[in-house]
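Q: Contents of my_file_22.tsv (TSV, N, CA and C atoms):
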```
chain	number	residue	atom	x	y	z
P	46	MET	N	7.23	7.60	20.25
P	46	MET	CA	7.97	7.04	19.13
P	46	MET	C	7.05	6.77	17.94
P	47	SER	N	5.79	6.38	18.20
P	47	SER	CA	4.88	6.10	17.09
P	47	SER	C	4.60	7.37	16.29
P	48	ASP	N	4.67	8.54	16.94
P	48	ASP	CA	4.47	9.80	16.23
P	48	ASP	C	5.58	10.01	15.20
P	49	LEU	N	6.79	9.65	15.57
P	49	LEU	CA	7.91	9.77	14.63
P	49	LEU	C	7.73	8.81	13.45
P	50	LEU	N	7.22	7.61	13.73
P	50	LEU	CA	6.94	6.66	12.66
P	50	LEU	C	5.89	7.24	11.71
P	51	LYS	N	4.86	7.84	12.27
P	51	LYS	CA	3.81	8.44	11.44
P	51	LYS	C	4.39	9.53	10.54
P	52	LYS	N	5.30	10.34	11.10
P	52	LYS	CA	5.92	11.39	10.31
P	52	LYS	C	6.75	10.80	9.16
P	53	ALA	N	7.47	9.75	9.46
P	53	ALA	CA	8.31	9.13	8.43
P	53	ALA	C	7.44	8.49	7.35
P	54	VAL	N	6.39	7.81	7.76
P	54	VAL	CA	5.51	7.15	6.80
P	54	VAL	C	4.73	8.17	5.99
P	55	SER	N	4.44	9.32	6.59
P	55	SER	CA	3.66	10.34	5.89
P	55	SER	C	4.45	11.00	4.76
P	56	LEU	N	5.67	10.57	4.54
P	56	LEU	CA	6.42	11.10	3.40
P	56	LEU	C	5.74	10.71	2.09
P	57	GLY	N	4.81	9.78	2.18
P	57	GLY	CA	3.98	9.47	1.03
P	57	GLY	C	4.56	8.42	0.11
P	58	TRP	N	4.12	8.50	-1.16
P	58	TRP	CA	4.49	7.49	-2.14
P	58	TRP	C	5.98	7.42	-2.38
P	59	GLY	N	6.68	8.52	-2.17
P	59	GLY	CA	8.13	8.48	-2.34
P	59	GLY	C	8.75	7.44	-1.44
P	60	LEU	N	8.30	7.38	-0.21
P	60	LEU	CA	8.80	6.38	0.72
P	60	LEU	C	8.26	5.01	0.36
P	61	THR	N	7.01	4.95	-0.01
P	61	THR	CA	6.40	3.68	-0.37
P	61	THR	C	7.15	3.03	-1.52
P	62	MET	N	7.56	3.84	-2.47
P	62	MET	CA	8.23	3.32	-3.64
P	62	MET	C	9.76	3.27	-3.47
P	63	ALA	N	10.21	3.71	-2.32
P	63	ALA	CA	11.65	3.79	-2.10
P	63	ALA	C	12.29	2.42	-1.97
P	64	SER	N	13.54	2.37	-2.32
P	64	SER	CA	14.28	1.14	-2.17
P	64	SER	C	14.70	0.99	-0.72
P	65	LYS	N	15.14	-0.21	-0.38
P	65	LYS	CA	15.62	-0.46	0.97
P	65	LYS	C	16.76	0.50	1.32
P	66	GLU	N	17.61	0.77	0.36
P	66	GLU	CA	18.74	1.68	0.59
P	66	GLU	C	18.25	3.07	0.98
P	67	LYS	N	17.22	3.55	0.31
P	67	LYS	CA	16.70	4.88	0.63
P	67	LYS	C	16.08	4.90	2.02
P	68	VAL	N	15.39	3.82	2.38
P	68	VAL	CA	14.80	3.73	3.72
P	68	VAL	C	15.91	3.73	4.76
P	69	GLU	N	16.95	2.95	4.50
P	69	GLU	CA	18.08	2.92	5.44
P	69	GLU	C	18.72	4.29	5.58
P	70	ASN	N	18.86	5.01	4.48
P	70	ASN	CA	19.43	6.37	4.53
P	70	ASN	C	18.55	7.30	5.35
P	71	LEU	N	17.24	7.20	5.18
P	71	LEU	CA	16.31	8.02	5.95
P	71	LEU	C	16.46	7.74	7.43
P	72	VAL	N	16.50	6.46	7.80
P	72	VAL	CA	16.62	6.09	9.21
P	72	VAL	C	17.98	6.54	9.76
P	73	ASP	N	19.03	6.37	8.97
P	73	ASP	CA	20.36	6.85	9.40
P	73	ASP	C	20.34	8.35	9.69
P	74	GLU	N	19.65	9.09	8.86
P	74	GLU	CA	19.54	10.54	9.05
P	74	GLU	C	18.80	10.86	10.35
P	75	LEU	N	17.74	10.10	10.63
P	75	LEU	CA	17.00	10.30	11.88
P	75	LEU	C	17.89	10.01	13.09
P	76	VAL	N	18.73	8.98	12.97
P	76	VAL	CA	19.67	8.65	14.05
P	76	VAL	C	20.68	9.77	14.23
P	77	LYS	N	21.24	10.29	13.13
P	77	LYS	CA	22.22	11.37	13.20
P	77	LYS	C	21.64	12.62	13.84
P	78	ARG	N	20.37	12.91	13.54
P	78	ARG	CA	19.72	14.10	14.09
P	78	ARG	C	19.31	13.90	15.55
P	79	GLY	N	19.38	12.67	16.01
P	79	GLY	CA	18.99	12.38	17.39
P	79	GLY	C	17.51	12.12	17.56
P	80	ASP	N	16.78	11.99	16.46
P	80	ASP	CA	15.34	11.72	16.53
P	80	ASP	C	15.04	10.25	16.78
P	81	LEU	N	16.05	9.41	16.63
P	81	LEU	CA	15.86	7.97	16.75
P	81	LEU	C	17.11	7.37	17.38
P	82	ALA	N	16.90	6.49	18.34
P	82	ALA	CA	18.03	5.83	19.00
P	82	ALA	C	18.65	4.81	18.04
P	83	PRO	N	19.98	4.70	18.02
P	83	PRO	CA	20.63	3.75	17.12
P	83	PRO	C	20.14	2.32	17.32
P	84	ALA	N	19.82	1.94	18.54
P	84	ALA	CA	19.35	0.57	18.80
P	84	ALA	C	18.01	0.29	18.14
P	85	GLU	N	17.25	1.34	17.86
P	85	GLU	CA	15.92	1.15	17.25
P	85	GLU	C	15.94	1.23	15.73
P	86	SER	N	17.06	1.57	15.15
P	86	SER	CA	17.11	1.81	13.71
P	86	SER	C	16.75	0.58	12.89
P	87	LYS	N	17.23	-0.59	13.28
P	87	LYS	CA	16.94	-1.82	12.51
P	87	LYS	C	15.44	-2.11	12.51
P	88	GLU	N	14.83	-1.96	13.68
P	88	GLU	CA	13.38	-2.18	13.79
P	88	GLU	C	12.62	-1.20	12.90
P	89	TRP	N	13.05	0.05	12.90
P	89	TRP	CA	12.40	1.07	12.07
P	89	TRP	C	12.52	0.75	10.59
P	90	ILE	N	13.69	0.34	10.18
P	90	ILE	CA	13.91	-0.02	8.77
P	90	ILE	C	12.93	-1.12	8.37
P	91	ASN	N	12.84	-2.15	9.21
P	91	ASN	CA	11.94	-3.26	8.91
P	91	ASN	C	10.48	-2.80	8.87
P	92	ARG	N	10.09	-1.97	9.82
P	92	ARG	CA	8.71	-1.48	9.86
P	92	ARG	C	8.38	-0.64	8.64
P	93	LEU	N	9.30	0.24	8.26
P	93	LEU	CA	9.05	1.09	7.10
P	93	LEU	C	9.00	0.29	5.81
P	94	ILE	N	9.87	-0.69	5.68
P	94	ILE	CA	9.86	-1.53	4.48
P	94	ILE	C	8.58	-2.35	4.42
P	95	GLU	N	8.17	-2.93	5.54
P	95	GLU	CA	6.93	-3.70	5.58
P	95	GLU	C	5.73	-2.82	5.22
P	96	LYS	N	5.70	-1.61	5.77
P	96	LYS	CA	4.60	-0.69	5.47
P	96	LYS	C	4.60	-0.33	3.99
P	97	GLY	N	5.77	-0.08	3.44
P	97	GLY	CA	5.86	0.24	2.01
P	97	GLY	C	5.39	-0.90	1.14
P	98	GLU	N	5.77	-2.13	1.49
P	98	GLU	CA	5.34	-3.30	0.72
P	98	GLU	C	3.84	-3.48	0.81
P	99	LYS	N	3.28	-3.26	2.00
P	99	LYS	CA	1.83	-3.37	2.17
P	99	LYS	C	1.10	-2.33	1.33
P	100	GLU	N	1.59	-1.10	1.36
P	100	GLU	CA	0.96	-0.04	0.58
P	100	GLU	C	1.08	-0.29	-0.92
P	101	GLN	N	2.22	-0.84	-1.36
P	101	GLN	CA	2.37	-1.18	-2.78
P	101	GLN	C	1.37	-2.24	-3.19
P	102	ALA	N	1.18	-3.26	-2.34
P	102	ALA	CA	0.21	-4.32	-2.64
P	102	ALA	C	-1.21	-3.76	-2.71
P	103	GLU	N	-1.54	-2.88	-1.76
P	103	GLU	CA	-2.87	-2.26	-1.76
P	103	GLU	C	-3.07	-1.39	-3.00
P	104	PHE	N	-2.03	-0.66	-3.38
P	104	PHE	CA	-2.10	0.19	-4.56
P	104	PHE	C	-2.30	-0.66	-5.82
P	105	LYS	N	-1.56	-1.75	-5.92
P	105	LYS	CA	-1.68	-2.65	-7.07
P	105	LYS	C	-3.09	-3.22	-7.16
P	106	THR	N	-3.64	-3.64	-6.03
P	106	THR	CA	-5.01	-4.17	-6.01
P	106	THR	C	-6.01	-3.12	-6.44
P	107	MET	N	-5.84	-1.90	-5.95
P	107	MET	CA	-6.75	-0.82	-6.31
P	107	MET	C	-6.70	-0.53	-7.81
P	108	ILE	N	-5.50	-0.50	-8.37
P	108	ILE	CA	-5.35	-0.24	-9.81
P	108	ILE	C	-5.98	-1.37	-10.62
P	109	GLN	N	-5.74	-2.61	-10.22
P	109	GLN	CA	-6.33	-3.75	-10.93
P	109	GLN	C	-7.85	-3.69	-10.92
P	110	GLU	N	-8.42	-3.34	-9.78
P	110	GLU	CA	-9.88	-3.22	-9.67
P	110	GLU	C	-10.41	-2.11	-10.57
P	111	GLN	N	-9.72	-0.99	-10.61
P	111	GLN	CA	-10.16	0.13	-11.45
P	111	GLN	C	-10.07	-0.23	-12.93
P	112	VAL	N	-9.00	-0.89	-13.32
P	112	VAL	CA	-8.84	-1.29	-14.73
P	112	VAL	C	-9.93	-2.29	-15.10
P	113	LYS	N	-10.17	-3.25	-14.23
P	113	LYS	CA	-11.23	-4.24	-14.49
P	113	LYS	C	-12.59	-3.56	-14.65
P	114	ARG	N	-12.88	-2.62	-13.76
P	114	ARG	CA	-14.15	-1.90	-13.82
P	114	ARG	C	-14.27	-1.11	-15.13
P	115	LYS	N	-13.20	-0.44	-15.53
P	115	LYS	CA	-13.24	0.34	-16.78
P	115	LYS	C	-13.41	-0.57	-18.00
P	116	LEU	N	-12.72	-1.70	-18.01
P	116	LEU	CA	-12.86	-2.63	-19.12
P	116	LEU	C	-14.29	-3.17	-19.21
P	117	GLN	N	-14.90	-3.42	-18.05
P	117	GLN	CA	-16.30	-3.87	-18.05
P	117	GLN	C	-17.21	-2.78	-18.59
P	118	GLU	N	-16.96	-1.54	-18.20
P	118	GLU	CA	-17.76	-0.42	-18.69
P	118	GLU	C	-17.64	-0.28	-20.20
P	119	MET	N	-16.48	-0.62	-20.74
P	119	MET	CA	-16.25	-0.51	-22.18
P	119	MET	C	-16.67	-1.78	-22.93
P	120	ASP	N	-17.23	-2.75	-22.21
P	120	ASP	CA	-17.68	-4.03	-22.78
P	120	ASP	C	-16.55	-4.83	-23.42
P	121	VAL	N	-15.36	-4.74	-22.87
P	121	VAL	CA	-14.23	-5.53	-23.36
P	121	VAL	C	-14.34	-6.92	-22.75
P	122	PRO	N	-14.36	-7.95	-23.57
P	122	PRO	CA	-14.49	-9.30	-23.03
P	122	PRO	C	-13.23	-9.70	-22.24
P	123	VAL	N	-13.46	-10.50	-21.21
P	123	VAL	CA	-12.34	-10.99	-20.41
P	123	VAL	C	-11.83	-12.29	-21.01
P	124	LYS	N	-10.66	-12.70	-20.58
P	124	LYS	CA	-9.99	-13.88	-21.12
P	124	LYS	C	-10.88	-15.13	-21.05
P	125	SER	N	-11.58	-15.32	-19.96
P	125	SER	CA	-12.43	-16.51	-19.82
P	125	SER	C	-13.59	-16.49	-20.83
P	126	GLU	N	-14.12	-15.30	-21.13
P	126	GLU	CA	-15.19	-15.21	-22.13
P	126	GLU	C	-14.66	-15.55	-23.52
P	127	LEU	N	-13.47	-15.07	-23.84
P	127	LEU	CA	-12.87	-15.39	-25.14
P	127	LEU	C	-12.57	-16.88	-25.25
P	128	ALA	N	-12.09	-17.47	-24.17
P	128	ALA	CA	-11.80	-18.91	-24.18
P	128	ALA	C	-13.09	-19.71	-24.38
P	129	ALA	N	-14.17	-19.28	-23.74
P	129	ALA	CA	-15.46	-19.96	-23.90
P	129	ALA	C	-15.95	-19.86	-25.35
P	130	LEU	N	-15.76	-18.69	-25.96
P	130	LEU	CA	-16.16	-18.53	-27.36
P	130	LEU	C	-15.31	-19.40	-28.29
P	131	GLU	N	-14.02	-19.47	-28.03
P	131	GLU	CA	-13.15	-20.31	-28.84
P	131	GLU	C	-13.55	-21.78	-28.73
P	132	ALA	N	-13.89	-22.22	-27.52
P	132	ALA	CA	-14.33	-23.61	-27.32
P	132	ALA	C	-15.65	-23.85	-28.06
P	133	ARG	N	-16.52	-22.89	-28.01
P	133	ARG	CA	-17.81	-23.02	-28.69
P	133	ARG	C	-17.62	-23.09	-30.21
P	134	ILE	N	-16.73	-22.26	-30.75
P	134	ILE	CA	-16.45	-22.29	-32.20
P	134	ILE	C	-15.87	-23.64	-32.60
P	135	THR	N	-14.94	-24.14	-31.79
P	135	THR	CA	-14.33	-25.45	-32.07
P	135	THR	C	-15.39	-26.53	-32.08
P	136	GLU	N	-16.30	-26.49	-31.12
P	136	GLU	CA	-17.38	-27.49	-31.06
P	136	GLU	C	-18.30	-27.35	-32.26
P	137	LEU	N	-18.64	-26.15	-32.65
P	137	LEU	CA	-19.51	-25.94	-33.82
P	137	LEU	C	-18.83	-26.42	-35.10
P	138	GLU	N	-17.53	-26.16	-35.22
P	138	GLU	CA	-16.79	-26.65	-36.39
P	138	GLU	C	-16.79	-28.17	-36.43
P	139	ALA	N	-16.65	-28.79	-35.27
P	139	ALA	CA	-16.66	-30.26	-35.21
P	139	ALA	C	-18.03	-30.80	-35.60
P	140	ARG	N	-19.08	-30.19	-35.11
P	140	ARG	CA	-20.45	-30.60	-35.48
P	140	ARG	C	-20.67	-30.45	-36.98
P	141	LEU	N	-20.22	-29.34	-37.51
P	141	LEU	CA	-20.38	-29.07	-38.93
P	141	LEU	C	-19.63	-30.11	-39.76
P	142	ALA	N	-18.44	-30.43	-39.35
P	142	ALA	CA	-17.64	-31.42	-40.07
P	142	ALA	C	-18.30	-32.80	-40.00
P	143	ARG	N	-18.92	-33.14	-38.88
P	143	ARG	CA	-19.60	-34.44	-38.74
P	143	ARG	C	-20.86	-34.49	-39.58
P	144	SER	N	-21.55	-33.38	-39.71
P	144	SER	CA	-22.80	-33.37	-40.46
P	144	SER	C	-22.58	-33.29	-41.96
P	145	ASP	N	-21.45	-32.74	-42.37
P	145	ASP	CA	-21.12	-32.62	-43.79
P	145	ASP	C	-19.65	-32.98	-43.98
P	146	PRO	N	-19.37	-34.26	-44.23
P	146	PRO	CA	-17.98	-34.72	-44.31
P	146	PRO	C	-17.18	-34.04	-45.42
P	147	GLU	N	-17.86	-33.53	-46.44
P	147	GLU	CA	-17.13	-32.89	-47.54
P	147	GLU	C	-16.84	-31.41	-47.25
P	148	GLN	N	-17.40	-30.88	-46.19
P	148	GLN	CA	-17.18	-29.48	-45.81
P	148	GLN	C	-15.75	-29.33	-45.31
P	149	GLU	N	-15.01	-28.43	-45.93
P	149	GLU	CA	-13.65	-28.17	-45.49
P	149	GLU	C	-13.66	-27.17	-44.33
P	150	ARG	N	-12.79	-27.40	-43.42
P	150	ARG	CA	-12.65	-26.48	-42.29
P	150	ARG	C	-11.88	-25.26	-42.75
P	151	VAL	N	-12.39	-24.11	-42.39
P	151	VAL	CA	-11.74	-22.86	-42.76
P	151	VAL	C	-10.93	-22.39	-41.56
P	152	ASP	N	-9.63	-22.18	-41.74
P	152	ASP	CA	-8.77	-21.71	-40.66
P	152	ASP	C	-8.43	-20.27	-40.85
```
Go through the file and emit its structure as structure tokens.

A:
Amino acid sequence: MSDLLKKAVSLGWGLTMASKEKVENLVDELVKRGDLAPAESKEWINRLIEKGEKEQAEFKTMIQEQVKRKLQEMDVPVKSELAALEARITELEARLARSDPEQERVD
């Protein structure tokens, strides 16, 4: 039976990205062809959906890591670096205002 699961999962990204309805249709077709017992269909649906969700999460993580790596290669600052710079500018403006009360703040 695990061989049949491997065949179904090997349908690739189409199955991974498939909706629950499409997974149910696939399993129904396997039942109609006699490749899967009707009593096992619910379990199969759950297993295929869980596998698809896991693969989607892994794919999302992989894409995020690749984007992060490319942005680092391009020297694009990250949100935390920009926030640190903004805080530093605010502090410098405050120091400047304290040292020269007549200095107007430029916005």

Q: Give as a PDB file with N, CA and C atoms, in the coordinates of the input the set of residues within 9 Å of the point (20.3, 0.3, 9.0), where distances use the file's coordinates and only C-alpha atoms.

A:
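Saved the output as result-v4.pdb:
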```pdb
ATOM      1  N   GLU P  66      17.610   0.770   0.360  1.00  0.00           N
ATOM      2  CA  GLU P  66      18.740   1.680   0.590  1.00  0.00           C
ATOM      3  C   GLU P  66      18.250   3.070   0.980  1.00  0.00           C
ATOM      4  N   VAL P  68      15.390   3.820   2.380  1.00  0.00           N
ATOM      5  CA  VAL P  68      14.800   3.730   3.720  1.00  0.00           C
ATOM      6  C   VAL P  68      15.910   3.730   4.760  1.00  0.00           C
ATOM      7  N   GLU P  69      16.950   2.950   4.500  1.00  0.00           N
ATOM      8  CA  GLU P  69      18.080   2.920   5.440  1.00  0.00           C
ATOM      9  C   GLU P  69      18.720   4.290   5.580  1.00  0.00           C
ATOM     10  N   ASN P  70      18.860   5.010   4.480  1.00  0.00           N
ATOM     11  CA  ASN P  70      19.430   6.370   4.530  1.00  0.00           C
ATOM     12  C   ASN P  70      18.550   7.300   5.350  1.00  0.00           C
ATOM     13  N   VAL P  72      16.500   6.460   7.800  1.00  0.00           N
ATOM     14  CA  VAL P  72      16.620   6.090   9.210  1.00  0.00           C
ATOM     15  C   VAL P  72      17.980   6.540   9.760  1.00  0.00           C
ATOM     16  N   ASP P  73      19.030   6.370   8.970  1.00  0.00           N
ATOM     17  CA  ASP P  73      20.360   6.850   9.400  1.00  0.00           C
ATOM     18  C   ASP P  73      20.340   8.350   9.690  1.00  0.00           C
ATOM     19  N   PRO P  83      19.980   4.700  18.020  1.00  0.00           N
ATOM     20  CA  PRO P  83      20.630   3.750  17.120  1.00  0.00           C
ATOM     21  C   PRO P  83      20.140   2.320  17.320  1.00  0.00           C
ATOM     22  N   SER P  86      17.060   1.570  15.150  1.00  0.00           N
ATOM     23  CA  SER P  86      17.110   1.810  13.710  1.00  0.00           C
ATOM     24  C   SER P  86      16.750   0.580  12.890  1.00  0.00           C
ATOM     25  N   LYS P  87      17.230  -0.590  13.280  1.00  0.00           N
ATOM     26  CA  LYS P  87      16.940  -1.820  12.510  1.00  0.00           C
ATOM     27  C   LYS P  87      15.440  -2.110  12.510  1.00  0.00           C
ATOM     28  N   GLU P  88      14.830  -1.960  13.680  1.00  0.00           N
ATOM     29  CA  GLU P  88      13.380  -2.180  13.790  1.00  0.00           C
ATOM     30  C   GLU P  88      12.620  -1.200  12.900  1.00  0.00           C
ATOM     31  N   TRP P  89      13.050   0.050  12.900  1.00  0.00           N
ATOM     32  CA  TRP P  89      12.400   1.070  12.070  1.00  0.00           C
ATOM     33  C   TRP P  89      12.520   0.750  10.590  1.00  0.00           C
ATOM     34  N   ILE P  90      13.690   0.340  10.180  1.00  0.00           N
ATOM     35  CA  ILE P  90      13.910  -0.020   8.770  1.00  0.00           C
ATOM     36  C   ILE P  90      12.930  -1.120   8.370  1.00  0.00           C
TER      37      ILE P  90
END
```

Q: Need the axis-aligned box for range 124-128 of chain P with 3 Å each side, so what are the centre and edges in Å to one decimal, as AutoDock Vina command-line options?

A:
```
--center_x -12.6 --center_y -16.2 --center_z -22.5 --size_x 11.2 --size_y 13.0 --size_z 11.4
```

Q: Step one, run DSSP on the backbone; step two, keep only residues of range 67-122 of chain P assigned to alpha helix (DSSP H); then write them as a ChimeraX atom specification.

A: /P:67-78,86-118

Q: Distance atom N of Ile94 in chain P-atom C of Lys65 in chain P, one decimal place?

A: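 Atom-to-atom, atom N of Ile94 in chain P to atom C of Lys65 in chain P, that is 8.2 Å.
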
Q: Can you tell me how far CA of Leu116 in chain P sits from CA of Leu130 in chain P, in Å to one decimal?

A: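 Interatomic distance, CA of Leu116 in chain P to CA of Leu130 in chain P: 18.2 Å.
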
Q: For the atom pair atom C of Arg133 in chain P and atom N of Val121 in chain P, what is the interatomic distance in Å to one decimal place?

A: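 Taking atom C of Arg133 in chain P as the start and atom N of Val121 in chain P as the end point, the length is 19.9 Å.
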